[in-house]
Structure formats: C-alpha cells, structure tokens
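Pasting entry-v3.txt here (compact mmCIF, C-alpha atoms and all ligand atoms):
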# COMPACT_ATOMS: atom_id res chain seq x y z
CA MET M 1 -60.47 21.57 30.71
CA ILE M 2 -63.20 23.73 32.23
CA SER M 3 -66.05 24.00 29.74
CA ILE M 4 -69.56 25.24 30.12
CA SER M 5 -71.53 22.10 29.23
CA GLN M 6 -71.71 18.66 30.81
CA LYS M 7 -70.30 15.76 28.81
CA THR M 8 -70.78 12.02 28.46
CA ILE M 9 -69.57 9.48 25.90
CA ASN M 10 -71.19 8.84 22.51
CA SER M 11 -71.92 5.13 22.67
CA LYS M 12 -71.16 2.08 24.77
CA ILE M 13 -67.66 0.63 24.64
CA SER M 14 -65.87 -2.19 26.50
CA CYS M 15 -62.49 -3.47 27.56
CA SER M 16 -61.23 -6.17 29.89
CA GLY M 17 -58.16 -7.09 31.84
CA VAL M 18 -56.77 -8.33 35.13
CA GLY M 19 -57.03 -6.51 38.48
CA VAL M 20 -53.59 -5.63 39.86
CA HIS M 21 -54.41 -6.67 43.45
CA SER M 22 -57.04 -9.42 43.10
CA GLY M 23 -55.47 -10.98 40.00
CA GLU M 24 -59.06 -11.52 38.78
CA ARG M 25 -60.14 -10.70 35.23
CA ALA M 26 -62.95 -8.18 34.80
CA SER M 27 -64.71 -6.57 31.85
CA ILE M 28 -65.99 -3.02 31.93
CA THR M 29 -68.57 -1.50 29.60
CA LEU M 30 -68.95 2.27 29.56
CA HIS M 31 -72.41 3.65 28.79
CA PRO M 32 -73.55 7.25 28.13
CA ALA M 33 -75.47 8.73 31.10
CA PRO M 34 -77.97 11.61 31.32
CA CYS M 35 -77.09 15.08 32.66
CA ASN M 36 -76.49 15.31 36.44
CA THR M 37 -75.89 11.53 36.81
CA GLY M 38 -72.23 11.79 37.78
CA ILE M 39 -69.98 8.74 37.51
CA ILE M 40 -71.65 5.49 38.60
CA PHE M 41 -70.18 1.97 38.70
CA ARG M 42 -72.65 -0.94 38.42
CA ARG M 43 -71.54 -4.40 39.64
CA ILE M 44 -73.49 -6.44 37.05
CA ASP M 45 -72.30 -9.70 38.64
CA LEU M 46 -74.27 -8.83 41.81
CA SER M 47 -78.04 -8.71 42.29
CA GLY M 48 -79.85 -6.11 44.38
CA ASN M 49 -78.34 -2.67 44.98
CA ASN M 50 -75.28 -2.87 42.73
CA GLU M 51 -74.81 0.87 41.96
CA ILE M 52 -71.75 2.51 43.48
CA LYS M 53 -71.41 6.26 43.03
CA ALA M 54 -67.91 7.63 42.47
CA ASN M 55 -67.98 9.89 45.51
CA TYR M 56 -65.46 10.53 48.32
CA LYS M 57 -68.08 9.52 50.91
CA ASN M 58 -68.09 5.97 49.50
CA VAL M 59 -64.33 5.44 49.92
CA THR M 60 -63.81 2.51 52.31
CA ASN M 61 -60.20 1.44 51.70
CA THR M 62 -57.12 3.41 50.64
CA ASN M 63 -54.40 0.78 51.07
CA LEU M 64 -52.47 0.77 47.73
CA GLY M 65 -55.56 1.83 45.81
CA THR M 66 -58.94 3.45 46.30
CA THR M 67 -61.99 1.23 46.95
CA LEU M 68 -65.62 2.39 46.86
CA THR M 69 -68.44 0.59 48.69
CA ASN M 70 -72.19 1.31 48.56
CA GLU M 71 -74.69 0.99 51.42
CA ALA M 72 -75.44 -2.63 50.42
CA GLY M 73 -71.76 -3.58 50.63
CA ALA M 74 -71.10 -3.76 46.86
CA LYS M 75 -67.46 -2.82 46.22
CA VAL M 76 -65.30 -1.70 43.35
CA ALA M 77 -61.53 -1.42 43.86
CA THR M 78 -58.58 0.34 42.19
CA ILE M 79 -60.70 3.02 40.57
CA GLU M 80 -58.17 5.87 40.64
CA HIS M 81 -56.50 5.46 37.21
CA PHE M 82 -59.89 5.09 35.56
CA MET M 83 -61.26 8.15 37.40
CA ALA M 84 -58.22 10.18 36.32
CA ALA M 85 -58.93 9.24 32.68
CA VAL M 86 -62.59 10.23 33.04
CA TRP M 87 -61.48 13.58 34.51
CA GLY M 88 -58.84 14.02 31.80
CA CYS M 89 -61.45 13.50 29.08
CA GLY M 90 -63.75 16.03 30.75
CA ILE M 91 -66.56 13.49 31.32
CA ASP M 92 -69.27 14.46 33.85
CA ASN M 93 -71.77 11.62 33.40
CA LEU M 94 -71.04 7.93 32.88
CA PHE M 95 -72.24 4.45 33.81
CA ILE M 96 -69.56 1.77 34.11
CA ASP M 97 -70.81 -1.82 34.16
CA ILE M 98 -68.24 -4.16 35.72
CA ASP M 99 -68.48 -7.92 36.28
CA GLY M 100 -65.99 -8.21 39.15
CA PRO M 101 -64.66 -6.44 42.26
CA GLU M 102 -61.70 -4.61 40.74
CA LEU M 103 -61.06 -2.39 37.69
CA PRO M 104 -58.61 -3.88 35.18
CA ILE M 105 -55.14 -2.39 35.65
CA MET M 106 -54.45 -2.40 31.87
CA ASP M 107 -50.87 -1.07 31.44
CA GLY M 108 -50.77 0.57 34.91
CA SER M 109 -51.54 4.06 33.56
CA SER M 110 -54.65 5.97 32.46
CA GLU M 111 -53.82 5.88 28.76
CA PRO M 112 -55.85 2.75 27.79
CA PHE M 113 -58.96 4.27 29.45
CA VAL M 114 -58.42 7.60 27.67
CA PHE M 115 -58.10 5.66 24.41
CA LEU M 116 -61.34 3.81 25.16
CA ILE M 117 -63.25 7.05 25.86
CA GLU M 118 -61.81 8.69 22.73
CA CYS M 119 -62.83 5.66 20.63
CA SER M 120 -66.41 6.10 21.87
CA GLY M 121 -66.27 9.85 21.34
CA ILE M 122 -67.45 12.67 23.60
CA ASN M 123 -71.01 13.93 23.60
CA VAL M 124 -71.60 17.52 24.73
CA GLN M 125 -74.85 17.63 26.71
CA GLU M 126 -77.49 20.33 27.05
CA GLU M 127 -77.08 21.29 30.73
CA PRO M 128 -74.33 23.53 32.10
CA ARG M 129 -71.56 22.00 34.20
CA ARG M 130 -71.52 22.88 37.89
CA ILE M 131 -67.99 23.59 39.13
CA LEU M 132 -66.65 23.62 42.68
CA GLU M 133 -64.72 26.82 43.42
CA ILE M 134 -62.34 26.90 46.39
CA MET M 135 -63.06 30.01 48.53
CA LYS M 136 -60.41 29.71 51.25
CA PRO M 137 -57.39 27.47 51.99
CA VAL M 138 -57.94 24.01 53.50
CA ARG M 139 -55.03 21.91 54.74
CA VAL M 140 -54.66 18.33 55.99
CA GLU M 141 -51.56 16.76 57.50
CA ASP M 142 -50.62 13.21 58.39
CA GLY M 143 -47.12 12.83 59.82
CA ASP M 144 -44.76 14.27 57.20
CA LYS M 145 -47.47 14.27 54.50
CA PHE M 146 -49.64 17.26 53.73
CA ILE M 147 -52.08 18.62 51.14
CA GLU M 148 -53.30 22.17 50.91
CA VAL M 149 -55.84 23.60 48.50
CA SER M 150 -56.28 27.33 47.96
CA PRO M 151 -58.39 29.58 45.70
CA SER M 152 -57.39 29.81 42.03
CA LYS M 153 -58.99 30.73 38.71
CA ASP M 154 -57.99 27.34 37.25
CA PHE M 155 -56.94 23.83 38.32
CA SER M 156 -53.31 23.18 39.19
CA ILE M 157 -51.26 20.80 41.33
CA ASP M 158 -47.79 21.22 42.78
CA LEU M 159 -46.89 17.72 43.94
CA HIS M 160 -43.74 16.47 45.65
CA VAL M 161 -42.56 12.91 46.37
CA ASP M 162 -39.56 11.75 48.37
CA PHE M 163 -38.65 8.07 48.22
CA ALA M 164 -35.61 6.61 49.96
CA HIS M 165 -34.68 4.84 46.70
CA GLU M 166 -31.95 6.73 44.78
CA LYS M 167 -33.64 6.03 41.40
CA ILE M 168 -36.64 8.07 42.55
CA GLY M 169 -35.57 10.30 45.43
CA ASN M 170 -37.01 13.80 45.44
CA GLN M 171 -39.27 14.65 42.51
CA THR M 172 -41.58 17.62 42.06
CA PHE M 173 -44.18 18.07 39.34
CA ASP M 174 -46.16 21.22 38.54
CA TYR M 175 -49.38 20.37 36.75
CA HIS M 176 -51.45 23.08 35.09
CA SER M 177 -54.69 22.01 33.53
CA THR M 178 -55.01 22.81 29.82
CA SER M 179 -56.90 20.97 27.08
CA SER M 180 -53.85 18.78 26.33
CA SER M 181 -51.87 18.66 29.60
CA PHE M 182 -53.43 15.50 31.04
CA LYS M 183 -52.91 13.52 27.86
CA ASN M 184 -49.38 14.80 27.23
CA ASP M 185 -47.92 15.09 30.71
CA VAL M 186 -49.67 12.63 33.02
CA CYS M 187 -51.84 10.00 31.36
CA ARG M 188 -49.06 7.57 30.33
CA ALA M 189 -47.35 7.45 33.75
CA ARG M 190 -47.52 3.91 35.18
CA THR M 191 -47.92 2.66 38.69
CA PHE M 192 -44.78 1.33 40.37
CA GLY M 193 -43.59 -1.01 43.08
CA PHE M 194 -40.45 -2.08 44.88
CA LYS M 195 -39.12 -5.62 44.49
CA HIS M 196 -38.30 -5.99 48.20
CA GLU M 197 -41.97 -5.30 49.09
CA ILE M 198 -43.53 -7.87 46.75
CA ASP M 199 -43.44 -10.91 49.08
CA GLN M 200 -45.09 -8.87 51.82
CA LEU M 201 -47.78 -7.58 49.41
CA HIS M 202 -48.54 -11.13 48.23
CA LYS M 203 -48.92 -12.26 51.87
CA MET M 204 -51.44 -9.43 52.35
CA GLY M 205 -53.33 -10.63 49.25
CA LEU M 206 -52.23 -7.60 47.23
CA ALA M 207 -50.45 -7.17 43.88
CA LYS M 208 -51.46 -10.70 42.77
CA GLY M 209 -52.08 -9.41 39.23
CA GLY M 210 -48.98 -7.21 39.13
CA SER M 211 -46.42 -7.79 36.36
CA LEU M 212 -43.88 -5.93 34.26
CA ASN M 213 -46.73 -5.38 31.77
CA ASN M 214 -48.69 -3.24 34.22
CA ALA M 215 -46.19 -1.67 36.63
CA ILE M 216 -42.69 -0.28 36.88
CA LEU M 217 -40.64 -2.55 39.12
CA VAL M 218 -37.75 -1.02 41.03
CA ASP M 219 -34.98 -3.08 42.66
CA GLU M 220 -31.64 -2.15 44.25
CA ASN M 221 -30.06 -1.80 40.78
CA GLY M 222 -32.77 0.43 39.34
CA ILE M 223 -35.63 -0.07 36.88
CA VAL M 224 -36.25 -3.78 36.12
CA ASN M 225 -38.52 -3.16 33.08
CA LYS M 226 -36.50 -3.57 29.86
CA GLU M 227 -38.28 -0.68 28.15
CA GLY M 228 -37.23 1.75 30.90
CA LEU M 229 -39.34 4.77 31.85
CA ARG M 230 -41.92 6.64 29.78
CA TYR M 231 -41.02 9.98 31.40
CA LYS M 232 -37.78 10.50 33.34
CA ASP M 233 -39.88 11.56 36.35
CA GLU M 234 -42.64 8.98 35.72
CA PHE M 235 -43.04 8.30 39.48
CA VAL M 236 -44.15 11.80 40.50
CA ARG M 237 -46.31 12.04 37.36
CA HIS M 238 -48.05 8.80 38.35
CA LYS M 239 -48.65 10.19 41.84
CA THR M 240 -50.20 13.24 40.15
CA LEU M 241 -52.43 10.90 38.11
CA ASP M 242 -53.50 9.09 41.31
CA PHE M 243 -54.16 12.45 42.96
CA ILE M 244 -56.37 13.62 40.08
CA GLY M 245 -58.36 10.35 40.12
CA ASP M 246 -58.90 10.53 43.88
CA ILE M 247 -59.79 14.24 43.88
CA TYR M 248 -62.39 13.73 41.12
CA LEU M 249 -64.34 11.80 43.79
CA ALA M 250 -65.37 15.30 44.88
CA GLY M 251 -68.03 14.80 42.20
CA TYR M 252 -67.11 18.11 40.58
CA PHE M 253 -64.40 19.67 38.47
CA ILE M 254 -62.57 22.05 40.80
CA LEU M 255 -61.15 25.56 40.52
CA GLY M 256 -58.27 25.55 42.99
CA HIS M 257 -54.54 25.20 43.45
CA PHE M 258 -53.34 22.07 45.25
CA LYS M 259 -49.98 21.75 46.95
CA ALA M 260 -49.14 18.25 48.16
CA SER M 261 -46.15 16.47 49.64
CA LYS M 262 -46.02 12.65 49.82
CA ALA M 263 -49.74 12.51 48.97
CA GLY M 264 -51.47 9.12 48.90
CA HIS M 265 -54.97 7.69 48.59
CA GLY M 266 -55.71 8.03 52.33
CA ILE M 267 -54.76 11.68 52.76
CA ASN M 268 -56.33 12.57 49.37
CA ASN M 269 -59.66 11.32 50.75
CA LYS M 270 -59.10 13.08 54.08
CA LEU M 271 -58.71 16.39 52.23
CA LEU M 272 -62.09 16.00 50.52
CA HIS M 273 -63.82 15.19 53.83
CA LYS M 274 -62.28 18.27 55.47
CA LEU M 275 -63.08 20.49 52.47
CA PHE M 276 -66.76 19.50 52.28
CA ALA M 277 -67.16 19.79 56.07
CA ASP M 278 -66.29 23.50 55.87
CA LYS M 279 -69.13 25.15 53.97
CA GLU M 280 -67.22 28.46 53.80
CA ALA M 281 -64.31 26.83 51.95
CA TRP M 282 -66.15 26.22 48.68
CA ARG M 283 -69.12 27.11 46.55
CA ILE M 284 -70.75 25.59 43.48
CA VAL M 285 -70.83 27.88 40.42
ZN ZN M 301 -51.76 4.64 40.81

In structure tokens, how does this file's structure come out?
Amino acid sequence: MISISQKTINSKISCSGVGVHSGERASITLHPAPCNTGIIFRRIDLSGNNEIKANYKNVTNTNLGTTLTNEAGAKVATIEHFMAAVWGCGIDNLFIDIDGPELPIMDGSSEPFVFLIECSGINVQEEPRRILEIMKPVRVEDGDKFIEVSPSKDFSIDLHVDFAHEKIGNQTFDYHSTSSSFKNDVCRARTFGFKHEIDQLHKMGLAKGGSLNNAILVDENGIVNKEGLRYKDEFVRHKTLDFIGDIYLAGYFILGHFKASKAGHGINNKLLHKLFADKEAWRIV
C-alpha cells in the first residue's frame, strides 16, 4: 500500500447510480489531478464555489453516512465507500465531478468504484507521497465506543462490532494493509440495515434509495437477501471499509495501528480532530 510516489488515474471515467439516502440519481466523472491536489469533489450542478475537499475539517454530518460541506455550503453526501476505494487503489490526487448531492451507492460496497478506477488505470506521478506517521497514542471515547491509534511501521486496524441481533452479534476483524488486502478482504463488503428501522429512516428522509440491490437487509429471521452474504462476517468487514473511507479524510496515508470498538462515522471524525489538534502525536514524512 505505502509507495514512494503519488498516484492519480490515467484518464477520465464515469459511472452513475442512485443515492442510498436521497434516492436521487447522480453521475460521477473521475478526472486525473496534478501532484499535491488531494481528493476534490466538484458539484457541477452548482455555480460559484462548487469544490469540496475530502478533508475531515469539512465533515458536517455523520448520521448514517459522512457528508462534506465547503465554505459556500456546497455538499456531497455518503462519500465513505468511494473514499475507501480511492484509498484501496492508492490514489493521492483526483477530481470527482458530481451532478447531485449524494454519491451513488452502487451495490453498497466499494467494489464498483475500485473497478472504475482500475478500468481507468493508475498513473504514478513524479512527486513523492507525504505520509502521516503516528508518534504517540491518541484515544477518543463516546459512551461504550472507542478508537485508539498508536505508532506502527504499517497500517492496520483491529475493529470490533457488537450488535444485539443474533445474526451479527460480536464480530472482530484484523485488517493488515498489503497490496491485495483491501481488494480481497474488505472491498466487497456491503452496507446493511435492519428491517424494523426502515420506517423510522424513511420518516427521517433517509434510506429512500435503499434496496436489496445495494444493502444487506436483516430481519428477525436473518438475512433477507436471497444471495446471502459475501463474507460470513460481512458486517464487521463493511464497518472496516467505512472506517478506512472516513480515516482517509485525514488527507494522508497513515502509518499507525488503529483499535476500534463500535466505531461509526461520528467517532471516526472525532478521532481525526483530536489527532490533528495534538501536534506531538504525528509527523509528516
Ligand atoms: Zn458503509
């Protein structure tokens, strides 16, 4: 995963689909970007300042997804699965043109976005990558949730979930970053929801685009989707995917070991704020 040069994609490439919460269709077009650009969304349906940088400081909502907003109020929602794919492909610099307020959910995983990036191809750029190295442990807690990051020579995550539902229950996943681990172990894990929560979500204006084509649905009898699960512990792997997408909003690839229990979009963002606030906890190499 950690390489010495920055990377972008080879040429522009597009896909489209429905947003899981808004239910609105959107198209995205990925464009190569110069060295030191980072990842930038551009709301091409809006005039004026429509550029939204993929950075933890721009996170404005973490309720069932991560939303970014720029200083002019331009928003882009449900970015986490896309950001995980960008991280998994080792992309540093990218423009993403989008014609609506929410990323397409595709199949509920990162795989379609990885496929899109691989179809474009990866372009190794001339400048070296700058990496964030963790120098001392940082911990955040929120009720019974916590995340801790500590120094390490590579990137790894030890993530635990505990859902009251017997089909999920306690699951733990140890992720170690290698050149193939994201694609093999994490990228295909889909988002999931509970049938008894759907009416409430719809009342809140959420999950309007959700279906069995883009999420695992769990009811009192188990998995509703006819095809079953893609991994027997697909739930904790999806939470790992979400975690990776949220943590890439650091704006850097990271050398550190993360330990997380019941992590979610809110606490993932809280960790980055606490980390960057402590200048002794990290350095750029
Ligand atoms: Zn997710």

What is the CA of Val161 (chain M)-CA of Lys75 (chain M) distance in Å, reported with one decimal?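 Pair CA of Val161 (chain M) / CA of Lys75 (chain M) returns 29.5 Å.
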
Per residue of region 135-235 of chain M within 8 Å of region 12-20 of chain M, which atom pair is closest and at what distance in Å (one decimal), using all atoms listed in the file, listed by chain and increasing number, as CSV?
residue,atom,partner,partner_atom,distance
M:Leu206,CA,M:Val20,CA,7.7
M:Ala207,CA,M:Val20,CA,5.3
M:Lys208,CA,M:Val20,CA,6.2
M:Gly209,CA,M:Val20,CA,4.1
M:Gly210,CA,M:Val20,CA,4.9
M:Asn214,CA,M:Val20,CA,7.8

When distances are computed from all atoms listed in the file, which of M:Gly193, M:Gly90, M:Pro137, M:Gly222 shows the smallest separation from ligand ZN 301 (chain M)? M:Gly193

For ligand ZN 301 (chain M), collect every residue having any atom at a distance of at most 12 Å from a ligand atom (counting all atoms listed in the file); output as a ChimeraX atom specification. /M:20-21,62-66,77-85,105-110,186-193,214-216,234-246,263-265

I need the residue nearest Asp92 (chain M) from this list: M:Asp154, M:Leu30, M:Gly266, M:Thr37. Use all atoms listed in the file for the distance.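 Distance minimum relative to Asp92 (chain M) lands on M:Thr37.
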
For Ile9 (chain M), work out the shell of residues within 9 Å, counting only C-alpha atoms and skipping chain neighbours fewer than 4 positions away, then give it as a VMD selection string. chain M and resid 30 to 33 91 93 to 94 117 to 118 120 to 124

Can you list, as a CSV table (one decimal) with C-alpha atoms, in the frame of the given file, every protein, DNA or RNA residue that comes within 8 Å of Asn269 (chain M) when you count only C-alpha atoms, leaving out same-chain residues fewer than 5 positions away?
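The result, stored in around-v9.csv:
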chain,number,residue,atom,x,y,z
M,56,TYR,CA,-65.5,10.5,48.3
M,59,VAL,CA,-64.3,5.4,49.9
M,246,ASP,CA,-58.9,10.5,43.9
M,247,ILE,CA,-59.8,14.2,43.9

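Nearest residue to Val149 (chain M), choosing from M:Ile134, M:Glu227, M:Met204, M:Trp282 and counting only C-alpha atoms: M:Ile134.
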
Any chance you could model all heavy atoms for region 154-165 of chain M and send them as a short mmCIF file (atom, residue, chain, number, x, y, z; two decimals), in the frame of the given file?
data_model
loop_
_atom_site.label_atom_id
_atom_site.label_comp_id
_atom_site.auth_asym_id
_atom_site.auth_seq_id
_atom_site.Cartn_x
_atom_site.Cartn_y
_atom_site.Cartn_z
N ASP M 154 -57.99 28.58 38.04
CA ASP M 154 -57.99 27.34 37.25
C ASP M 154 -57.63 26.16 38.15
O ASP M 154 -57.69 26.29 39.38
CB ASP M 154 -57.08 27.46 36.02
CG ASP M 154 -55.72 28.00 36.35
OD1 ASP M 154 -55.29 27.80 37.50
OD2 ASP M 154 -55.10 28.61 35.47
N PHE M 155 -57.26 25.03 37.54
CA PHE M 155 -56.94 23.83 38.32
C PHE M 155 -55.45 23.55 38.16
O PHE M 155 -54.98 23.39 37.03
CB PHE M 155 -57.76 22.64 37.80
CG PHE M 155 -57.48 21.34 38.50
CD1 PHE M 155 -58.17 20.99 39.65
CD2 PHE M 155 -56.53 20.46 38.00
CE1 PHE M 155 -57.91 19.78 40.31
CE2 PHE M 155 -56.27 19.25 38.64
CZ PHE M 155 -56.96 18.91 39.79
N SER M 156 -54.73 23.49 39.27
CA SER M 156 -53.31 23.18 39.19
C SER M 156 -52.88 22.39 40.42
O SER M 156 -53.54 22.44 41.48
CB SER M 156 -52.48 24.45 39.04
OG SER M 156 -52.76 25.33 40.11
N ILE M 157 -51.78 21.64 40.26
CA ILE M 157 -51.26 20.80 41.33
C ILE M 157 -49.75 20.98 41.37
O ILE M 157 -49.08 20.92 40.34
CB ILE M 157 -51.54 19.30 41.08
CG1 ILE M 157 -53.01 19.03 40.81
CG2 ILE M 157 -51.07 18.45 42.26
CD1 ILE M 157 -53.25 17.64 40.22
N ASP M 158 -49.23 21.16 42.57
CA ASP M 158 -47.79 21.22 42.78
C ASP M 158 -47.50 20.06 43.73
O ASP M 158 -47.81 20.13 44.91
CB ASP M 158 -47.51 22.60 43.41
CG ASP M 158 -46.06 22.79 43.75
OD1 ASP M 158 -45.28 21.85 43.58
OD2 ASP M 158 -45.73 23.90 44.21
N LEU M 159 -46.98 18.95 43.16
CA LEU M 159 -46.89 17.72 43.94
C LEU M 159 -45.43 17.29 44.11
O LEU M 159 -44.63 17.37 43.18
CB LEU M 159 -47.68 16.62 43.22
CG LEU M 159 -47.94 15.35 44.02
CD1 LEU M 159 -49.39 14.93 43.93
CD2 LEU M 159 -47.07 14.22 43.52
N HIS M 160 -45.11 16.84 45.31
CA HIS M 160 -43.74 16.47 45.65
C HIS M 160 -43.72 15.05 46.22
O HIS M 160 -44.59 14.68 47.00
CB HIS M 160 -43.21 17.48 46.69
CG HIS M 160 -41.89 17.10 47.26
ND1 HIS M 160 -41.74 16.65 48.55
CD2 HIS M 160 -40.66 17.08 46.71
CE1 HIS M 160 -40.46 16.39 48.76
NE2 HIS M 160 -39.78 16.63 47.67
N VAL M 161 -42.76 14.24 45.77
CA VAL M 161 -42.56 12.91 46.37
C VAL M 161 -41.12 12.81 46.87
O VAL M 161 -40.23 13.48 46.35
CB VAL M 161 -42.85 11.74 45.40
CG1 VAL M 161 -44.29 11.72 44.96
CG2 VAL M 161 -41.91 11.76 44.19
N ASP M 162 -40.91 11.97 47.85
CA ASP M 162 -39.56 11.75 48.37
C ASP M 162 -39.46 10.29 48.79
O ASP M 162 -39.97 9.89 49.83
CB ASP M 162 -39.33 12.69 49.56
CG ASP M 162 -37.92 12.56 50.11
OD1 ASP M 162 -37.10 11.85 49.48
OD2 ASP M 162 -37.63 13.16 51.16
N PHE M 163 -38.84 9.49 47.92
CA PHE M 163 -38.65 8.07 48.22
C PHE M 163 -37.19 7.82 48.58
O PHE M 163 -36.29 8.43 48.00
CB PHE M 163 -39.04 7.20 47.01
CG PHE M 163 -40.52 7.09 46.82
CD1 PHE M 163 -41.19 7.97 46.00
CD2 PHE M 163 -41.26 6.11 47.48
CE1 PHE M 163 -42.56 7.89 45.81
CE2 PHE M 163 -42.62 6.03 47.31
CZ PHE M 163 -43.28 6.91 46.47
N ALA M 164 -36.98 6.91 49.52
CA ALA M 164 -35.61 6.61 49.96
C ALA M 164 -34.77 6.06 48.81
O ALA M 164 -33.56 6.18 48.80
CB ALA M 164 -35.66 5.62 51.11
N HIS M 165 -35.42 5.45 47.79
CA HIS M 165 -34.68 4.84 46.70
C HIS M 165 -34.01 5.90 45.82
O HIS M 165 -34.64 6.85 45.38
CB HIS M 165 -35.63 3.99 45.85
CG HIS M 165 -34.92 2.99 45.00
ND1 HIS M 165 -34.19 3.36 43.91
CD2 HIS M 165 -34.82 1.65 45.11
CE1 HIS M 165 -33.67 2.26 43.36
NE2 HIS M 165 -34.04 1.21 44.08
#
